[in-house]
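**Student:** Here you go, data25.txt (compact mmCIF, C-alpha atoms):
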# COMPACT_ATOMS: atom_id res chain seq x y z
CA MET A 1 30.31 3.89 11.15
CA SER A 2 28.47 4.30 7.85
CA SER A 3 27.73 7.82 6.69
CA GLY A 4 24.45 9.26 7.97
CA ILE A 5 24.08 6.79 10.86
CA GLY A 6 24.11 8.16 14.39
CA GLY A 7 25.41 11.49 15.63
CA SER A 8 22.09 13.21 16.34
CA THR A 9 19.12 12.99 18.68
CA ALA A 10 15.37 12.54 18.26
CA GLU A 11 14.80 16.00 19.69
CA ALA A 12 17.13 17.69 17.20
CA GLU A 13 15.72 15.85 14.21
CA LEU A 14 12.09 16.53 15.14
CA ALA A 15 12.87 20.22 15.70
CA ALA A 16 14.05 20.45 12.08
CA LEU A 17 10.80 19.06 10.64
CA GLY A 18 7.66 20.90 9.62
CA PRO A 19 4.67 20.49 7.31
CA TRP A 20 5.53 19.29 3.82
CA PRO A 21 6.30 22.42 1.77
CA SER A 22 4.58 21.44 -1.49
CA PRO A 23 1.54 19.24 -0.79
CA ALA A 24 -0.05 17.43 -3.71
CA PRO A 25 -3.55 18.55 -4.72
CA ALA A 26 -6.57 16.57 -3.55
CA ILE A 27 -8.55 14.28 -5.83
CA THR A 28 -11.25 16.33 -7.54
CA ALA A 29 -14.95 15.64 -8.04
CA ALA A 30 -14.30 15.56 -11.79
CA GLU A 31 -11.78 12.73 -11.36
CA ARG A 32 -14.20 10.75 -9.21
CA ALA A 33 -16.86 11.18 -11.89
CA LYS A 34 -14.46 9.62 -14.41
CA ARG A 35 -13.88 6.72 -12.03
CA LEU A 36 -17.59 6.05 -11.77
CA ALA A 37 -17.95 6.18 -15.54
CA ARG A 38 -15.04 3.76 -15.94
CA ALA A 39 -16.65 1.40 -13.40
CA GLN A 40 -19.91 1.47 -15.34
CA THR A 41 -18.05 0.55 -18.53
CA LEU A 42 -16.42 -2.39 -16.78
CA MET A 43 -19.77 -3.42 -15.27
CA ALA A 44 -21.20 -3.70 -18.76
CA GLU A 45 -18.28 -5.91 -19.78
CA VAL A 46 -18.89 -8.39 -16.94
CA GLY A 47 -22.69 -8.30 -17.22
CA ALA A 48 -23.44 -6.50 -13.96
CA GLU A 49 -26.45 -4.21 -13.70
CA ALA A 50 -25.30 -2.76 -10.36
CA LEU A 51 -22.20 -2.68 -8.17
CA ILE A 52 -22.03 -2.49 -4.38
CA VAL A 53 -18.92 -1.04 -2.71
CA GLY A 54 -18.63 -1.12 1.07
CA ALA A 55 -16.75 1.16 3.46
CA GLY A 56 -13.00 0.97 3.05
CA PRO A 57 -10.41 2.06 0.48
CA SER A 58 -12.66 1.41 -2.52
CA LEU A 59 -15.46 3.58 -1.14
CA ARG A 60 -12.90 6.33 -0.64
CA TYR A 61 -11.71 5.80 -4.22
CA PHE A 62 -15.14 6.13 -5.78
CA ALA A 63 -17.01 8.39 -3.35
CA GLY A 64 -14.40 10.17 -1.24
CA VAL A 65 -15.73 8.59 1.98
CA GLY A 66 -12.70 7.40 3.92
CA TRP A 67 -14.51 5.29 6.53
CA ASN A 68 -13.41 1.93 7.80
CA PRO A 69 -15.89 -0.97 7.65
CA THR A 70 -17.87 -1.80 10.78
CA GLU A 71 -20.87 -4.00 11.58
CA ARG A 72 -23.14 -1.22 10.23
CA LEU A 73 -23.48 -1.25 6.45
CA VAL A 74 -22.28 1.89 4.70
CA ALA A 75 -22.10 1.34 0.97
CA MET A 76 -22.46 2.76 -2.50
CA ILE A 77 -24.82 1.20 -5.04
CA LEU A 78 -23.75 2.13 -8.56
CA PRO A 79 -26.16 1.27 -11.38
CA ARG A 80 -24.85 0.53 -14.86
CA GLU A 81 -26.39 3.83 -15.93
CA GLY A 82 -27.17 6.87 -13.84
CA ALA A 83 -26.14 8.24 -10.47
CA PRO A 84 -25.13 6.16 -7.44
CA SER A 85 -26.98 5.75 -4.15
CA MET A 86 -25.34 5.82 -0.72
CA ILE A 87 -26.67 3.44 1.95
CA CYS A 88 -26.01 4.85 5.43
CA PRO A 89 -27.32 4.74 9.02
CA ARG A 90 -29.51 7.79 9.60
CA PHE A 91 -27.50 8.97 12.62
CA GLU A 92 -24.38 9.16 10.41
CA LEU A 93 -26.02 11.47 7.85
CA GLY A 94 -24.14 14.62 8.88
CA SER A 95 -20.78 12.87 8.79
CA LEU A 96 -21.56 11.32 5.43
CA GLU A 97 -22.58 14.64 3.89
CA ALA A 98 -19.33 16.19 5.15
CA SER A 99 -17.27 13.39 3.59
CA LEU A 100 -19.08 12.68 0.34
CA GLY A 101 -17.13 13.68 -2.75
CA ILE A 102 -19.72 12.79 -5.42
CA GLU A 103 -23.31 13.54 -6.30
CA ALA A 104 -25.44 10.69 -4.97
CA GLN A 105 -28.88 9.86 -3.62
CA ILE A 106 -28.62 9.15 0.11
CA VAL A 107 -30.79 6.30 1.40
CA LEU A 108 -30.95 5.99 5.18
CA TRP A 109 -31.77 3.19 7.62
CA GLU A 110 -32.55 3.24 11.33
CA GLU A 111 -30.76 1.06 13.87
CA HIS A 112 -33.63 -1.44 14.14
CA GLU A 113 -33.99 -1.81 10.35
CA SER A 114 -32.20 -4.15 7.96
CA PRO A 115 -29.82 -2.31 5.65
CA TYR A 116 -29.82 -5.36 3.40
CA ALA A 117 -33.57 -5.10 2.86
CA LEU A 118 -32.94 -1.47 1.97
CA VAL A 119 -30.33 -2.49 -0.60
CA ALA A 120 -32.79 -5.04 -2.01
CA ARG A 121 -35.37 -2.29 -2.39
CA VAL A 122 -32.89 0.00 -4.18
CA LEU A 123 -31.93 -2.83 -6.55
CA ALA A 124 -35.59 -3.56 -7.27
CA GLU A 125 -36.23 0.11 -8.05
CA LEU A 126 -33.26 0.05 -10.43
CA GLY A 127 -34.49 -3.17 -12.03
CA ALA A 128 -31.05 -4.68 -11.35
CA ALA A 129 -31.07 -8.48 -11.48
CA THR A 130 -27.26 -8.89 -11.36
CA LEU A 131 -25.08 -7.35 -8.67
CA ALA A 132 -21.28 -7.13 -8.70
CA ILE A 133 -19.88 -7.44 -5.17
CA ASP A 134 -16.93 -5.41 -3.92
CA PRO A 135 -14.27 -8.10 -3.24
CA ALA A 136 -13.54 -6.49 0.14
CA LEU A 137 -17.17 -6.55 1.30
CA PRO A 138 -17.34 -8.55 4.57
CA PHE A 139 -18.98 -11.96 4.33
CA PHE A 140 -21.71 -11.04 6.81
CA ALA A 141 -22.73 -8.19 4.50
CA PHE A 142 -22.68 -10.44 1.44
CA ASP A 143 -24.74 -13.02 3.31
CA GLY A 144 -27.24 -10.39 4.37
CA LEU A 145 -27.64 -9.24 0.78
CA ARG A 146 -28.04 -12.82 -0.43
CA LEU A 147 -30.85 -13.48 2.02
CA ALA A 148 -32.58 -10.13 1.44
CA ALA A 149 -32.46 -10.34 -2.35
CA PRO A 150 -32.47 -14.07 -3.23
CA ASP A 151 -33.47 -13.44 -6.85
CA VAL A 152 -30.52 -11.13 -7.54
CA ARG A 153 -27.57 -12.91 -9.14
CA THR A 154 -24.22 -11.95 -7.61
CA LEU A 155 -20.92 -11.57 -9.46
CA ASN A 156 -17.35 -11.03 -8.33
CA GLY A 157 -16.79 -7.27 -8.55
CA ALA A 158 -12.99 -7.52 -8.60
CA PRO A 159 -12.72 -6.99 -12.38
CA VAL A 160 -14.60 -3.72 -11.91
CA VAL A 161 -13.08 -2.43 -8.67
CA ASP A 162 -9.51 -3.59 -9.29
CA GLY A 163 -9.87 -2.75 -12.96
CA CYS A 164 -10.35 0.88 -11.95
CA ARG A 165 -8.00 1.13 -8.96
CA MET A 166 -4.93 -0.59 -10.41
CA ILE A 167 -4.30 2.19 -12.95
CA LYS A 168 -3.31 5.39 -11.16
CA SER A 169 -3.98 8.86 -12.51
CA PRO A 170 -1.41 11.69 -12.46
CA ALA A 171 -3.16 13.08 -9.36
CA GLU A 172 -2.84 9.75 -7.57
CA LEU A 173 0.81 9.43 -8.57
CA ALA A 174 1.46 12.88 -7.10
CA LEU A 175 -0.16 11.98 -3.77
CA MET A 176 1.76 8.72 -3.61
CA GLY A 177 4.96 10.50 -4.55
CA GLN A 178 4.51 12.91 -1.65
CA ALA A 179 3.83 10.09 0.83
CA LYS A 180 6.91 8.19 -0.29
CA ALA A 181 9.16 11.25 -0.24
CA MET A 182 8.00 12.00 3.29
CA THR A 183 8.74 8.48 4.46
CA LEU A 184 12.19 8.50 2.88
CA GLU A 185 12.96 11.74 4.75
CA VAL A 186 11.79 10.07 7.97
CA HIS A 187 14.07 7.10 7.23
CA ARG A 188 17.03 9.42 6.76
CA ARG A 189 16.43 11.14 10.07
CA ALA A 190 15.72 7.89 11.92
CA ALA A 191 19.15 6.60 10.94
CA ARG A 192 20.74 9.70 12.45
CA ILE A 193 19.26 9.10 15.93
CA LEU A 194 20.68 5.58 16.26
CA ALA A 195 23.09 4.87 19.11
CA ALA A 196 24.24 1.80 20.99
CA GLY A 197 21.51 0.69 23.37
CA ILE A 198 18.63 2.50 21.68
CA THR A 199 15.47 0.40 21.67
CA THR A 200 13.22 -0.52 18.80
CA THR A 201 10.37 1.15 20.70
CA ALA A 202 12.22 4.46 20.81
CA VAL A 203 12.91 4.32 17.07
CA ARG A 204 9.29 3.49 16.25
CA ARG A 205 8.11 6.34 18.45
CA PHE A 206 10.43 8.77 16.65
CA ILE A 207 9.28 7.57 13.22
CA ASP A 208 5.63 8.11 14.13
CA GLN A 209 6.37 11.59 15.50
CA ALA A 210 8.39 12.49 12.40
CA HIS A 211 5.62 11.38 10.05
CA ARG A 212 3.17 13.50 12.05
CA ALA A 213 5.49 16.51 11.93
CA LEU A 214 5.60 16.27 8.13
CA GLY A 215 1.81 16.17 7.91
CA ALA A 216 0.99 12.52 7.27
CA ASP A 217 -2.67 11.62 7.75
CA ASP A 218 -2.22 9.77 11.06
CA GLY A 219 1.49 9.50 11.73
CA SER A 220 2.97 6.16 10.72
CA SER A 221 0.47 3.85 9.06
CA PHE A 222 2.76 1.02 10.22
CA CYS A 223 6.34 0.66 11.42
CA ALA A 224 8.66 -2.34 11.80
CA VAL A 225 12.08 -1.80 13.37
CA GLN A 226 14.31 -4.88 13.48
CA PHE A 227 17.83 -5.17 14.87
CA GLY A 228 20.28 -8.04 14.39
CA HIS A 229 18.85 -11.54 14.04
CA ALA A 230 15.27 -10.20 14.26
CA SER A 231 15.81 -8.96 10.70
CA ALA A 232 15.83 -12.62 9.60
CA TYR A 233 12.04 -12.65 10.09
CA PRO A 234 10.27 -10.72 7.32
CA HIS A 235 7.85 -9.09 9.77
CA GLY A 236 10.09 -9.18 12.82
CA LEU A 237 9.84 -10.76 16.25
CA PRO A 238 7.74 -9.80 19.28
CA GLY A 239 9.37 -7.92 22.11
CA GLU A 240 11.89 -5.13 22.30
CA GLN A 241 15.47 -5.17 21.03
CA GLN A 242 18.44 -2.96 21.87
CA LEU A 243 20.91 -1.92 19.19
CA LYS A 244 24.46 -3.34 19.33
CA ASP A 245 27.58 -2.69 17.30
CA GLY A 246 27.57 -4.78 14.12
CA ASP A 247 23.79 -5.23 14.05
CA ILE A 248 21.84 -5.17 10.83
CA VAL A 249 19.20 -2.42 11.06
CA LEU A 250 16.06 -3.11 9.02
CA ILE A 251 13.33 -0.45 9.13
CA ASP A 252 10.11 -0.82 7.14
CA THR A 253 7.59 1.98 7.51
CA GLY A 254 5.08 4.13 5.73
CA CYS A 255 2.40 6.78 6.00
CA ARG A 256 -0.69 8.01 4.16
CA VAL A 257 -1.34 11.28 2.37
CA GLN A 258 -5.05 11.77 1.68
CA GLY A 259 -5.33 8.00 2.01
CA TYR A 260 -2.52 7.11 -0.41
CA ASN A 261 0.24 4.92 1.01
CA SER A 262 3.99 4.81 1.22
CA ASP A 263 5.93 1.69 2.23
CA ILE A 264 9.73 1.88 2.17
CA THR A 265 12.38 -0.38 3.69
CA ARG A 266 16.03 0.41 4.32
CA THR A 267 18.71 -2.01 5.55
CA TYR A 268 22.16 -1.01 6.77
CA VAL A 269 24.62 -1.84 9.55
CA PHE A 270 25.25 -0.06 12.83
CA GLY A 271 29.04 -0.18 12.93
CA THR A 272 31.32 -1.96 10.47
CA PRO A 273 29.60 -4.40 8.08
CA SER A 274 30.95 -7.96 7.98
CA PRO A 275 31.96 -9.54 4.65
CA LYS A 276 28.82 -11.70 4.75
CA GLN A 277 26.58 -8.69 5.35
CA ARG A 278 28.23 -6.91 2.44
CA ARG A 279 27.78 -9.85 0.09
CA VAL A 280 24.11 -10.41 0.91
CA TRP A 281 23.33 -6.71 0.67
CA ALA A 282 25.00 -6.52 -2.76
CA VAL A 283 22.97 -9.46 -4.08
CA GLU A 284 19.76 -7.88 -2.78
CA LYS A 285 20.64 -4.62 -4.51
CA LYS A 286 21.28 -6.47 -7.77
CA ALA A 287 17.98 -8.37 -7.59
CA GLN A 288 15.99 -5.19 -6.93
CA ALA A 289 17.68 -3.44 -9.87
CA ALA A 290 17.06 -6.40 -12.19
CA ALA A 291 13.35 -6.47 -11.33
CA PHE A 292 13.06 -2.76 -12.07
CA ALA A 293 14.91 -3.07 -15.39
CA ALA A 294 12.58 -5.86 -16.56
CA VAL A 295 9.44 -3.73 -16.32
CA ARG A 296 7.71 -3.04 -19.63
CA PRO A 297 4.03 -2.60 -20.53
CA GLY A 298 2.56 -5.94 -21.53
CA VAL A 299 5.00 -8.03 -19.50
CA PRO A 300 3.10 -10.30 -17.06
CA CYS A 301 3.49 -9.44 -13.39
CA GLU A 302 4.90 -12.88 -12.61
CA ALA A 303 7.84 -12.30 -14.97
CA ILE A 304 9.21 -9.55 -12.69
CA ASP A 305 9.22 -11.97 -9.76
CA ALA A 306 11.01 -14.55 -11.92
CA VAL A 307 13.74 -12.07 -12.90
CA ALA A 308 14.49 -11.22 -9.26
CA ARG A 309 14.66 -14.91 -8.33
CA GLN A 310 17.05 -15.64 -11.19
CA VAL A 311 19.51 -13.17 -9.69
CA LEU A 312 19.14 -14.68 -6.23
CA GLU A 313 19.45 -18.26 -7.44
CA ALA A 314 22.57 -17.41 -9.48
CA ALA A 315 24.09 -16.20 -6.20
CA GLY A 316 23.25 -19.46 -4.41
CA PHE A 317 19.95 -18.52 -2.77
CA GLY A 318 16.68 -20.44 -3.03
CA PRO A 319 15.54 -21.97 -5.29
CA GLY A 320 11.97 -20.75 -5.20
CA TYR A 321 10.86 -19.83 -1.69
CA GLU A 322 13.50 -21.97 0.04
CA LEU A 323 15.82 -20.39 2.61
CA PRO A 324 18.28 -18.86 2.63
CA GLY A 325 16.58 -16.82 -0.05
CA LEU A 326 13.38 -14.94 -0.83
CA PRO A 327 10.40 -16.37 1.11
CA HIS A 328 7.68 -14.13 -0.32
CA ARG A 329 6.63 -12.36 -3.52
CA THR A 330 8.87 -9.72 -5.07
CA GLY A 331 6.28 -6.96 -4.81
CA HIS A 332 2.71 -5.82 -4.37
CA GLY A 333 0.46 -3.20 -5.87
CA ILE A 334 -0.03 -0.09 -3.76
CA GLY A 335 -2.40 2.87 -3.67
CA LEU A 336 -5.26 3.51 -1.25
CA SER A 337 -4.47 0.05 0.14
CA ILE A 338 -0.94 -0.71 1.16
CA HIS A 339 -1.25 -4.12 -0.53
CA GLU A 340 -3.55 -4.27 -3.53
CA ALA A 341 -3.85 -6.00 -6.88
CA PRO A 342 -1.98 -6.88 -8.97
CA TYR A 343 1.06 -8.61 -7.43
CA LEU A 344 4.58 -9.38 -8.59
CA VAL A 345 4.36 -13.09 -7.87
CA ARG A 346 4.33 -16.38 -9.72
CA GLY A 347 0.86 -17.05 -11.07
CA ASP A 348 -0.22 -13.41 -11.46
CA LYS A 349 -0.33 -13.07 -15.23
CA THR A 350 -1.81 -9.56 -15.25
CA PRO A 351 -0.05 -7.59 -18.01
CA LEU A 352 1.81 -4.55 -16.73
CA ALA A 353 0.25 -1.30 -17.91
CA PRO A 354 1.16 2.39 -17.58
CA GLY A 355 -0.09 3.77 -14.27
CA MET A 356 0.29 0.56 -12.27
CA CYS A 357 2.28 1.01 -9.05
CA PHE A 358 4.31 -1.63 -7.20
CA SER A 359 6.71 -2.26 -4.38
CA ASN A 360 10.02 -3.86 -5.38
CA GLU A 361 11.36 -5.82 -2.39
CA PRO A 362 13.04 -9.17 -3.15
CA MET A 363 14.16 -9.76 0.45
CA ILE A 364 16.96 -12.18 1.30
CA VAL A 365 16.52 -14.10 4.57
CA ILE A 366 19.42 -15.97 6.22
CA PRO A 367 17.64 -18.04 8.92
CA GLU A 368 18.56 -17.23 12.51
CA THR A 369 21.24 -14.80 11.27
CA PHE A 370 19.93 -11.69 9.49
CA GLY A 371 17.84 -10.47 6.58
CA VAL A 372 18.23 -7.73 4.00
CA ARG A 373 15.27 -6.01 2.38
CA LEU A 374 15.48 -3.00 0.12
CA GLU A 375 12.02 -1.74 -0.73
CA ASP A 376 11.15 1.10 -3.03
CA HIS A 377 8.18 1.68 -5.32
CA PHE A 378 7.88 2.29 -9.02
CA TYR A 379 5.11 3.11 -11.45
CA VAL A 380 4.87 1.69 -14.94
CA THR A 381 5.43 4.13 -17.80
CA PRO A 382 4.93 3.68 -21.56
CA ASP A 383 8.66 2.92 -21.82
CA GLY A 384 9.34 0.90 -18.67
CA ALA A 385 9.32 2.02 -15.05
CA ALA A 386 10.08 5.09 -12.96
CA TRP A 387 11.03 5.14 -9.28
CA PHE A 388 8.98 7.11 -6.79
CA THR A 389 12.06 7.15 -4.52
CA GLU A 390 15.63 6.45 -5.51
CA PRO A 391 16.88 3.13 -4.11
CA GLN A 392 19.44 2.96 -1.32
CA PRO A 393 22.77 4.02 -2.88
CA SER A 394 25.03 1.63 -0.96
CA LEU A 395 25.50 -0.19 2.31
CA ASP A 396 28.00 2.42 3.52
CA GLU A 397 26.00 5.40 2.23
CA PRO A 398 22.38 4.49 3.02
CA PHE A 399 21.06 7.92 2.08
CA ASN A 400 21.95 10.73 -0.27
CA GLU A 401 22.68 13.20 2.49
CA ARG A 402 21.46 16.74 1.98
CA ASN A 403 23.03 19.86 3.44
Translate this structure into structure tokens?
**Tutor:**
Amino acid sequence: MSSGIGGSTAEAELAALGPWPSPAPAITAAERAKRLARAQTLMAEVGAEALIVGAGPSLRYFAGVGWNPTERLVAMILPREGAPSMICPRFELGSLEASLGIEAQIVLWEEHESPYALVARVLAELGAATLAIDPALPFFAFDGLRLAAPDVRTLNGAPVVDGCRMIKSPAELALMGQAKAMTLEVHRRAARILAAGITTTAVRRFIDQAHRALGADDGSSFCAVQFGHASAYPHGLPGEQQLKDGDIVLIDTGCRVQGYNSDITRTYVFGTPSPKQRRVWAVEKKAQAAAFAAVRPGVPCEAIDAVARQVLEAAGFGPGYELPGLPHRTGHGIGLSIHEAPYLVRGDKTPLAPGMCFSNEPMIVIPETFGVRLEDHFYVTPDGAAWFTEPQPSLDEPFNERN
């Protein structure tokens, strides 16, 4: 049996966990003010006189309001100059005031009223004839705005919203670093509870409880536990599996800390790895390391994907997305969304820049047999890249065990 796998119980591991000892500081009002100012600069560059941002991660980014979108419009209207307005149902006023992290005018609508007509009125008062649209705004909201303000020209707000969110501040890096360190600790303890016959459901339940014990926002933000041939499917198979000797174990999970995400995958073997498992794992490790080493400011995102694929193709996998090989992109941006722009994939020519954060996960899939994915995250520095979490040391030593 590999070191650090098995030998404990869920009860013992949970009893050893408590709130994270050194929590990262929250995002300040001063930092949000800088974000709004940066957005206004980008709005001027694209010719937008106002920007609308709906409920979701971007509203949390700019305004501190961590609400999910619903059929009721909750949004921020940011003019090119001056303070923003918050559009909100009147009955949610108290909750909004408790959540709001910026200075803003609050404009309320009743249940029988059209929030889109209200937005049109705000835009008219601002004299805004061009409106940049949050790329995550639901279509029904966009359509409502279009009908309520037919004379307002709409623009894609992605250059503004993504232009702000893709570069993380030191405070954001600290929050993400905490989330990722917490998830790696959960991974380490999850490996220790494994035993023949344990179910994927039991492991997922433990991972959620462990994230909660460490103080994650809402336990696990997601969790995929795959045993044996189920690991050959990047996002697993439906139904429950039981662990057997010789099975690949692939666990992909994460949590949120003040909204900022972790997303880490570990792959190892319960029992003695076969020669084929060893070979595929070693190639995966090499591809992940090569992608990391290729990171430099100014290098296009797609080049990192190409480097990982070169390693895989030299080992006989692929080419391209063909199987056995890597069926998806090498990595994704991460922050307040678990997947966000830019992406490490062919066609994304965004130049890497300091502060960008990415997953690095060039998975190898052997159809109907098994898959290996090693996923860690890095942030771009002026000189290259830095890991948030150290990659898996080896197949036989999945974790750097601590006393």
**Student:** Looking at only C-alpha atoms, which of A:Tyr343, A:Tyr268, A:Trp281, A:Tyr321 is the one that sits closest to Ser3 (chain A)?
**Tutor:** A:Tyr268
**Student:** Around the point (9.5, 3.0, -2.1) in the file's coordinates, collect all residues with an atom within 6 Å, using only C-alpha atoms, and return them as a list of chain:residue names.
**Tutor:**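 Checking each residue against the 6 Å limit leaves A:Asp263, A:Ile264, A:Glu375, A:Asp376, A:His377, A:Thr389.
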**Student:** What does the distance between CA of Val257 (chain A) and CA of Leu73 (chain A) come to in Å, to one decimal place?
**Tutor:**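 According to the coordinates, CA of Val257 (chain A) and CA of Leu73 (chain A) are separated by 25.8 Å.
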**Student:** Tell me which protein, DNA and RNA residues are within 8 Å of Glu284 (chain A), counting all atoms listed in the file, leaving out same-chain ones fewer than 6 positions away, and put them as a list of chain:residue names.
**Tutor:**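 Answer for this query is A:Leu312, A:Pro362, A:Met363, A:Ile364, A:Val372, A:Arg373, A:Leu374.
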**Student:** Using only C-alpha atoms, which protein or nucleic acid residues come within 8 Å of Met176 (chain A)? Drop anything in the same chain fewer than 4 positions from it, and give the result as a PyMOL selection string.
**Tutor:** chain A and resi 172+180+257+260-262+335
**Student:** So which residues fall inside 10 Å of (20.6, -13.0, 8.9) if we count only C-alpha atoms? Mind giving them as a PyMOL selection string?
**Tutor:** chain A and resi 228-233+247-248+276-277+280+324+364-372
**Student:** Any chance you could export the current selection's C-alpha atoms as a PDB file, in the coordinates of the input?
**Tutor:**
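part.pdb was written with the following content:
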ATOM      1  CA  GLY A 228      20.280  -8.040  14.390  1.00  0.00           C
ATOM      2  CA  HIS A 229      18.850 -11.540  14.040  1.00  0.00           C
ATOM      3  CA  ALA A 230      15.270 -10.200  14.260  1.00  0.00           C
ATOM      4  CA  SER A 231      15.810  -8.960  10.700  1.00  0.00           C
ATOM      5  CA  ALA A 232      15.830 -12.620   9.600  1.00  0.00           C
ATOM      6  CA  TYR A 233      12.040 -12.650  10.090  1.00  0.00           C
ATOM      7  CA  ASP A 247      23.790  -5.230  14.050  1.00  0.00           C
ATOM      8  CA  ILE A 248      21.840  -5.170  10.830  1.00  0.00           C
ATOM      9  CA  LYS A 276      28.820 -11.700   4.750  1.00  0.00           C
ATOM     10  CA  GLN A 277      26.580  -8.690   5.350  1.00  0.00           C
ATOM     11  CA  VAL A 280      24.110 -10.410   0.910  1.00  0.00           C
ATOM     12  CA  PRO A 324      18.280 -18.860   2.630  1.00  0.00           C
ATOM     13  CA  ILE A 364      16.960 -12.180   1.300  1.00  0.00           C
ATOM     14  CA  VAL A 365      16.520 -14.100   4.570  1.00  0.00           C
ATOM     15  CA  ILE A 366      19.420 -15.970   6.220  1.00  0.00           C
ATOM     16  CA  PRO A 367      17.640 -18.040   8.920  1.00  0.00           C
ATOM     17  CA  GLU A 368      18.560 -17.230  12.510  1.00  0.00           C
ATOM     18  CA  THR A 369      21.240 -14.800  11.270  1.00  0.00           C
ATOM     19  CA  PHE A 370      19.930 -11.690   9.490  1.00  0.00           C
ATOM     20  CA  GLY A 371      17.840 -10.470   6.580  1.00  0.00           C
ATOM     21  CA  VAL A 372      18.230  -7.730   4.000  1.00  0.00           C
TER      22      VAL A 372
END
**Student:** As a count of residues only, please: the residues near Thr130 (chain A) (cut-off 7 Å, only C-alpha atoms, same-chain neighbours under 5 positions excluded).
**Tutor:** 6
**Student:** Which residues, written as a PDB file with C-alpha atoms, in the frame of the given file, have at least one atom at most 9 Å from Met43 (chain A), with only C-alpha atoms counted and residues fewer than 4 positions away on the same chain left out?
**Tutor:**
ATOM      1  CA  ARG A  38     -15.040   3.760 -15.940  1.00  0.00           C
ATOM      2  CA  ALA A  39     -16.650   1.400 -13.400  1.00  0.00           C
ATOM      3  CA  GLY A  47     -22.690  -8.300 -17.220  1.00  0.00           C
ATOM      4  CA  ALA A  48     -23.440  -6.500 -13.960  1.00  0.00           C
ATOM      5  CA  GLU A  49     -26.450  -4.210 -13.700  1.00  0.00           C
ATOM      6  CA  ALA A  50     -25.300  -2.760 -10.360  1.00  0.00           C
ATOM      7  CA  LEU A  51     -22.200  -2.680  -8.170  1.00  0.00           C
ATOM      8  CA  PRO A  79     -26.160   1.270 -11.380  1.00  0.00           C
ATOM      9  CA  ARG A  80     -24.850   0.530 -14.860  1.00  0.00           C
ATOM     10  CA  ALA A 132     -21.280  -7.130  -8.700  1.00  0.00           C
ATOM     11  CA  GLY A 157     -16.790  -7.270  -8.550  1.00  0.00           C
ATOM     12  CA  PRO A 159     -12.720  -6.990 -12.380  1.00  0.00           C
ATOM     13  CA  VAL A 160     -14.600  -3.720 -11.910  1.00  0.00           C
TER      14      VAL A 160
END
**Student:** Please determine, counting only C-alpha atoms, which residue among A:Gly56, A:Gly259, A:Gly246, A:Pro351 has the shortest atom-to-atom distance to Thr272 (chain A).
**Tutor:**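 Of A:Gly56, A:Gly259, A:Gly246, A:Pro351, the one nearest Thr272 (chain A), counting only C-alpha atoms, is A:Gly246.
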**Student:** List as a PyMOL selection string the protein and nucleic acid residues near Thr199 (chain A), meaning an atom at most 9 Å away when all atoms listed in the file are counted, but skip any in the same chain fewer than 2 places from it.
**Tutor:** chain A and resi 196-197+201-204+240-243
**Student:** Just give me the gap between CA of Leu96 (chain A) and CA of Gln258 (chain A) in Å, one decimal is fine.
**Tutor:** 16.9 Å
**Student:** What does the structure give for the distance between CA of Leu323 (chain A) and CA of His339 (chain A), in Å to one decimal?
**Tutor:** 23.8 Å
**Student:** Which one is closest to Ala141 (chain A): A:Gly177, A:Pro84, A:Pro170, A:Gly54? Count all atoms listed in the file.
**Tutor:**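 Nearest candidate to Ala141 (chain A) out of A:Gly177, A:Pro84, A:Pro170, A:Gly54: A:Gly54.
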**Student:** Edge lengths and centre, in Å to one decimal, as JSON: that's what I need for the box along x, y and z that holds all listed atoms of region 175-194 of chain A plus 8 Å on each side.
**Tutor:**
{"center_x": 10.3, "center_y": 9.2, "center_z": 5.9, "size_x": 36.9, "size_y": 23.3, "size_z": 36.8}
**Student:** Taking only C-alpha atoms into account, name the residue in A:Val107, A:Leu137, A:Ala128, A:Leu395 that is nearest to Glu81 (chain A).
**Tutor:** A:Ala128
**Student:** Nearest residue to Arg192 (chain A) out of A:Glu125, A:Glu13, A:Glu97, A:Asp134, using all atoms listed in the file?
**Tutor:** A:Glu13
**Student:** In terms of the shortest atom-to-atom distance over all atoms listed in the file, which of A:Ile251, A:Ala289, A:Ala308, A:Ala386 is closest to Val186 (chain A)?
**Tutor:**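 Closest candidate: A:Ile251.
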